[in-house]
Amino acid sequence: MHTRTVFVISDGTGITAETFGTALMSQFDITPRFVRLPFVDTVDKAHQALRQINHTAEVEGKKPIVFTTLVSPEAMALLKSQCKGLLMDMFGTFVQPLEDELALKSQHRVGRFSDISQSKEYLGRIEAINYTIAHDDGQTHRDLSGADVILVGVSRSGKTPTSLYLAMQFGLKVANYPLIPEDFERRKLPPALEPIRKKLFGLTIDPQRLSEIRNERRPDSRYASLQNCRYEVAEAEAMMRRAGVPWLSSTHKSIEEISTTVLQLVLPQHLNSGASH
């Protein structure tokens, strides 16, 4: 059972507000129910959102938490005057002090993606996502040199979700390449990776956890056995050490933590230049 309803209201997608709200709510030992209300870009839609929030307050007997990034003064005035939830105006909290400090008025642009067709950053991100999907799990050797980074590791160690996160959040072209028993027998990196060794970053994982993950996919198989998982992990780590490939364990780390480490160790120029989108 959830212990509090959290509304996220935005005139755009609401993704930014939800991410920020999730980070704040994670500081408390409760189980919130998130309800995202995107594209609230008219007063009419603000009225609809208000009715939903106030109805939830009456039914649950608790104030909903409401995170909003609305820029419409009319919509915000409506919420501030009639909302029965705890209203957290993220733009008002952060934009007003910045306007005062910078002695500038913000653009108060409605919808972060309103001019997306003209955005080179966005188009570059789409290209990066397409590249990353095409180069998932060693599907192709074509244009590996065009990758910003190549993730290596045993199957199910977290390469694919990390690759997609780096592509979507940072616009990076990421290939990921599994290390398989044939590589361990040769005791060398796959031939396709040798010329671009400097772009490699390795992921490893606790064998017990790997066995659990693989058993969900292929129960009671040799592939998922703890003995095989111990063998593959040990061989992969030894190979990465010999090849001088930096690596970390994904066992207790989030995708965000892994991605930050990749940026710091392999792509510091992206991190320092503020390349996130």
# chains A, B, ... in the order shown; residues from 1 in each chain; ligands from 1
>>> residues_around(residues="stretch 77-94 of chain A", least_positions_apart="3", cutoff="12 Å", atoms="only C-alpha atoms", output="PyMOL selection string")
chain A and resi 4-11+14+16-18+20-21+24+40+42-74+97-101+106-110
>>> select_by_dssp(residues="stretch 62-262 of chain A", states="alpha helix (DSSP H)", output="MDAnalysis selection string")
chainID A and resid 73:82 90:102 120:134 159:170 181:186 207:217 226:243 255:262
>>> atom_distance(atom1="atom CA of A:Arg186", atom2="atom CA of A:Met239")
10.1 Å
>>> residues_around(residues="A:Gly171", least_positions_apart="3", cutoff="7 Å", atoms="only C-alpha atoms", output="PyMOL selection string")
chain A and resi 124-125+128+166-168
>>> select_by_dssp(residues="stretch 108-258 of chain A", states="strand (DSSP E)", output="PyMOL selection string")
chain A and resi 149-153+174-178+200-204+247-249
>>> decode(residues="stretch 11-27 of chain A", atoms="all heavy atoms", output="PDB file, in the first residue's frame")
ATOM      1  N   ASP A  11       3.706  21.540 -17.944  1.00  0.00           N
ATOM      2  CA  ASP A  11       3.176  21.904 -19.260  1.00  0.00           C
ATOM      3  C   ASP A  11       3.944  21.181 -20.358  1.00  0.00           C
ATOM      4  O   ASP A  11       3.598  21.278 -21.526  1.00  0.00           O
ATOM      5  CB  ASP A  11       3.238  23.412 -19.488  1.00  0.00           C
ATOM      6  CG  ASP A  11       4.553  23.995 -19.013  1.00  0.00           C
ATOM      7  OD1 ASP A  11       5.600  23.384 -19.293  1.00  0.00           O
ATOM      8  OD2 ASP A  11       4.532  25.032 -18.344  1.00  0.00           O
ATOM      9  N   GLY A  12       5.011  20.442 -19.977  1.00  0.00           N
ATOM     10  CA  GLY A  12       5.744  19.595 -20.916  1.00  0.00           C
ATOM     11  C   GLY A  12       5.518  18.136 -20.565  1.00  0.00           C
ATOM     12  O   GLY A  12       4.417  17.732 -20.186  1.00  0.00           O
ATOM     13  N   THR A  13       6.567  17.342 -20.662  1.00  0.00           N
ATOM     14  CA  THR A  13       6.428  15.909 -20.403  1.00  0.00           C
ATOM     15  C   THR A  13       6.333  15.584 -18.921  1.00  0.00           C
ATOM     16  O   THR A  13       5.816  14.533 -18.542  1.00  0.00           O
ATOM     17  CB  THR A  13       7.621  15.134 -20.978  1.00  0.00           C
ATOM     18  OG1 THR A  13       8.815  15.547 -20.287  1.00  0.00           O
ATOM     19  CG2 THR A  13       7.765  15.380 -22.479  1.00  0.00           C
ATOM     20  N   GLY A  14       6.886  16.429 -18.068  1.00  0.00           N
ATOM     21  CA  GLY A  14       6.891  16.155 -16.639  1.00  0.00           C
ATOM     22  C   GLY A  14       8.025  15.259 -16.184  1.00  0.00           C
ATOM     23  O   GLY A  14       8.139  14.954 -15.001  1.00  0.00           O
ATOM     24  N   ILE A  15       8.882  14.857 -17.108  1.00  0.00           N
ATOM     25  CA  ILE A  15       9.964  13.926 -16.757  1.00  0.00           C
ATOM     26  C   ILE A  15      10.942  14.570 -15.780  1.00  0.00           C
ATOM     27  O   ILE A  15      11.359  13.963 -14.792  1.00  0.00           O
ATOM     28  CB  ILE A  15      10.685  13.439 -18.028  1.00  0.00           C
ATOM     29  CG1 ILE A  15       9.740  12.559 -18.859  1.00  0.00           C
ATOM     30  CG2 ILE A  15      11.957  12.663 -17.672  1.00  0.00           C
ATOM     31  CD1 ILE A  15      10.302  12.176 -20.216  1.00  0.00           C
ATOM     32  N   THR A  16      11.313  15.820 -16.047  1.00  0.00           N
ATOM     33  CA  THR A  16      12.266  16.506 -15.172  1.00  0.00           C
ATOM     34  C   THR A  16      11.694  16.662 -13.766  1.00  0.00           C
ATOM     35  O   THR A  16      12.364  16.373 -12.772  1.00  0.00           O
ATOM     36  CB  THR A  16      12.616  17.895 -15.743  1.00  0.00           C
ATOM     37  OG1 THR A  16      13.205  17.733 -17.025  1.00  0.00           O
ATOM     38  CG2 THR A  16      13.587  18.629 -14.835  1.00  0.00           C
ATOM     39  N   ALA A  17      10.443  17.106 -13.689  1.00  0.00           N
ATOM     40  CA  ALA A  17       9.812  17.297 -12.387  1.00  0.00           C
ATOM     41  C   ALA A  17       9.674  15.976 -11.640  1.00  0.00           C
ATOM     42  O   ALA A  17       9.884  15.906 -10.429  1.00  0.00           O
ATOM     43  CB  ALA A  17       8.446  17.949 -12.568  1.00  0.00           C
ATOM     44  N   GLU A  18       9.335  14.910 -12.367  1.00  0.00           N
ATOM     45  CA  GLU A  18       9.170  13.604 -11.720  1.00  0.00           C
ATOM     46  C   GLU A  18      10.513  13.089 -11.207  1.00  0.00           C
ATOM     47  O   GLU A  18      10.591  12.512 -10.111  1.00  0.00           O
ATOM     48  CB  GLU A  18       8.557  12.595 -12.685  1.00  0.00           C
ATOM     49  CG  GLU A  18       8.271  11.262 -12.020  1.00  0.00           C
ATOM     50  CD  GLU A  18       7.472  10.316 -12.903  1.00  0.00           C
ATOM     51  OE1 GLU A  18       7.388  10.556 -14.123  1.00  0.00           O
ATOM     52  OE2 GLU A  18       6.931   9.337 -12.366  1.00  0.00           O
ATOM     53  N   THR A  19      11.567  13.275 -11.985  1.00  0.00           N
ATOM     54  CA  THR A  19      12.890  12.841 -11.545  1.00  0.00           C
ATOM     55  C   THR A  19      13.294  13.554 -10.264  1.00  0.00           C
ATOM     56  O   THR A  19      13.783  12.943  -9.311  1.00  0.00           O
ATOM     57  CB  THR A  19      13.932  13.117 -12.647  1.00  0.00           C
ATOM     58  OG1 THR A  19      13.567  12.399 -13.826  1.00  0.00           O
ATOM     59  CG2 THR A  19      15.322  12.670 -12.211  1.00  0.00           C
ATOM     60  N   PHE A  20      13.079  14.877 -10.245  1.00  0.00           N
ATOM     61  CA  PHE A  20      13.433  15.667  -9.068  1.00  0.00           C
ATOM     62  C   PHE A  20      12.556  15.261  -7.877  1.00  0.00           C
ATOM     63  O   PHE A  20      13.046  15.078  -6.759  1.00  0.00           O
ATOM     64  CB  PHE A  20      13.255  17.153  -9.380  1.00  0.00           C
ATOM     65  CG  PHE A  20      13.788  18.065  -8.312  1.00  0.00           C
ATOM     66  CD1 PHE A  20      15.149  18.223  -8.135  1.00  0.00           C
ATOM     67  CD2 PHE A  20      12.918  18.761  -7.495  1.00  0.00           C
ATOM     68  CE1 PHE A  20      15.647  19.067  -7.152  1.00  0.00           C
ATOM     69  CE2 PHE A  20      13.395  19.601  -6.501  1.00  0.00           C
ATOM     70  CZ  PHE A  20      14.765  19.763  -6.327  1.00  0.00           C
ATOM     71  N   GLY A  21      11.255  15.096  -8.129  1.00  0.00           N
ATOM     72  CA  GLY A  21      10.349  14.705  -7.062  1.00  0.00           C
ATOM     73  C   GLY A  21      10.681  13.339  -6.496  1.00  0.00           C
ATOM     74  O   GLY A  21      10.626  13.122  -5.282  1.00  0.00           O
ATOM     75  N   THR A  22      11.027  12.404  -7.380  1.00  0.00           N
ATOM     76  CA  THR A  22      11.397  11.062  -6.938  1.00  0.00           C
ATOM     77  C   THR A  22      12.636  11.106  -6.049  1.00  0.00           C
ATOM     78  O   THR A  22      12.707  10.421  -5.019  1.00  0.00           O
ATOM     79  CB  THR A  22      11.657  10.149  -8.147  1.00  0.00           C
ATOM     80  OG1 THR A  22      10.470  10.074  -8.943  1.00  0.00           O
ATOM     81  CG2 THR A  22      12.054   8.745  -7.709  1.00  0.00           C
ATOM     82  N   ALA A  23      13.611  11.937  -6.447  1.00  0.00           N
ATOM     83  CA  ALA A  23      14.832  12.060  -5.650  1.00  0.00           C
ATOM     84  C   ALA A  23      14.517  12.611  -4.264  1.00  0.00           C
ATOM     85  O   ALA A  23      15.070  12.144  -3.254  1.00  0.00           O
ATOM     86  CB  ALA A  23      15.827  12.968  -6.370  1.00  0.00           C
ATOM     87  N   LEU A  24      13.627  13.587  -4.188  1.00  0.00           N
ATOM     88  CA  LEU A  24      13.273  14.159  -2.882  1.00  0.00           C
ATOM     89  C   LEU A  24      12.488  13.164  -2.028  1.00  0.00           C
ATOM     90  O   LEU A  24      12.773  12.995  -0.831  1.00  0.00           O
ATOM     91  CB  LEU A  24      12.442  15.429  -3.082  1.00  0.00           C
ATOM     92  CG  LEU A  24      13.176  16.648  -3.649  1.00  0.00           C
ATOM     93  CD1 LEU A  24      12.217  17.811  -3.842  1.00  0.00           C
ATOM     94  CD2 LEU A  24      14.327  17.067  -2.732  1.00  0.00           C
ATOM     95  N   MET A  25      11.527  12.478  -2.630  1.00  0.00           N
ATOM     96  CA  MET A  25      10.698  11.556  -1.856  1.00  0.00           C
ATOM     97  C   MET A  25      11.479  10.337  -1.385  1.00  0.00           C
ATOM     98  O   MET A  25      11.119   9.706  -0.383  1.00  0.00           O
ATOM     99  CB  MET A  25       9.488  11.114  -2.688  1.00  0.00           C
ATOM    100  CG  MET A  25       8.523  12.240  -3.056  1.00  0.00           C
ATOM    101  SD  MET A  25       7.920  13.201  -1.644  1.00  0.00           S
ATOM    102  CE  MET A  25       7.011  11.935  -0.737  1.00  0.00           C
ATOM    103  N   SER A  26      12.549  10.008  -2.099  1.00  0.00           N
ATOM    104  CA  SER A  26      13.350   8.843  -1.702  1.00  0.00           C
ATOM    105  C   SER A  26      14.087   9.075  -0.379  1.00  0.00           C
ATOM    106  O   SER A  26      14.625   8.137   0.203  1.00  0.00           O
ATOM    107  CB  SER A  26      14.367   8.496  -2.800  1.00  0.00           C
ATOM    108  OG  SER A  26      15.376   9.485  -2.892  1.00  0.00           O
ATOM    109  N   GLN A  27      14.096  10.333   0.087  1.00  0.00           N
ATOM    110  CA  GLN A  27      14.742  10.630   1.363  1.00  0.00           C
ATOM    111  C   GLN A  27      13.878  10.217   2.558  1.00  0.00           C
ATOM    112  O   GLN A  27      14.334  10.264   3.695  1.00  0.00           O
ATOM    113  CB  GLN A  27      15.035  12.134   1.459  1.00  0.00           C
ATOM    114  CG  GLN A  27      15.888  12.689   0.327  1.00  0.00           C
ATOM    115  CD  GLN A  27      17.235  11.999   0.239  1.00  0.00           C
ATOM    116  OE1 GLN A  27      17.939  11.861   1.242  1.00  0.00           O
ATOM    117  NE2 GLN A  27      17.595  11.556  -0.961  1.00  0.00           N
TER     118      GLN A  27
END
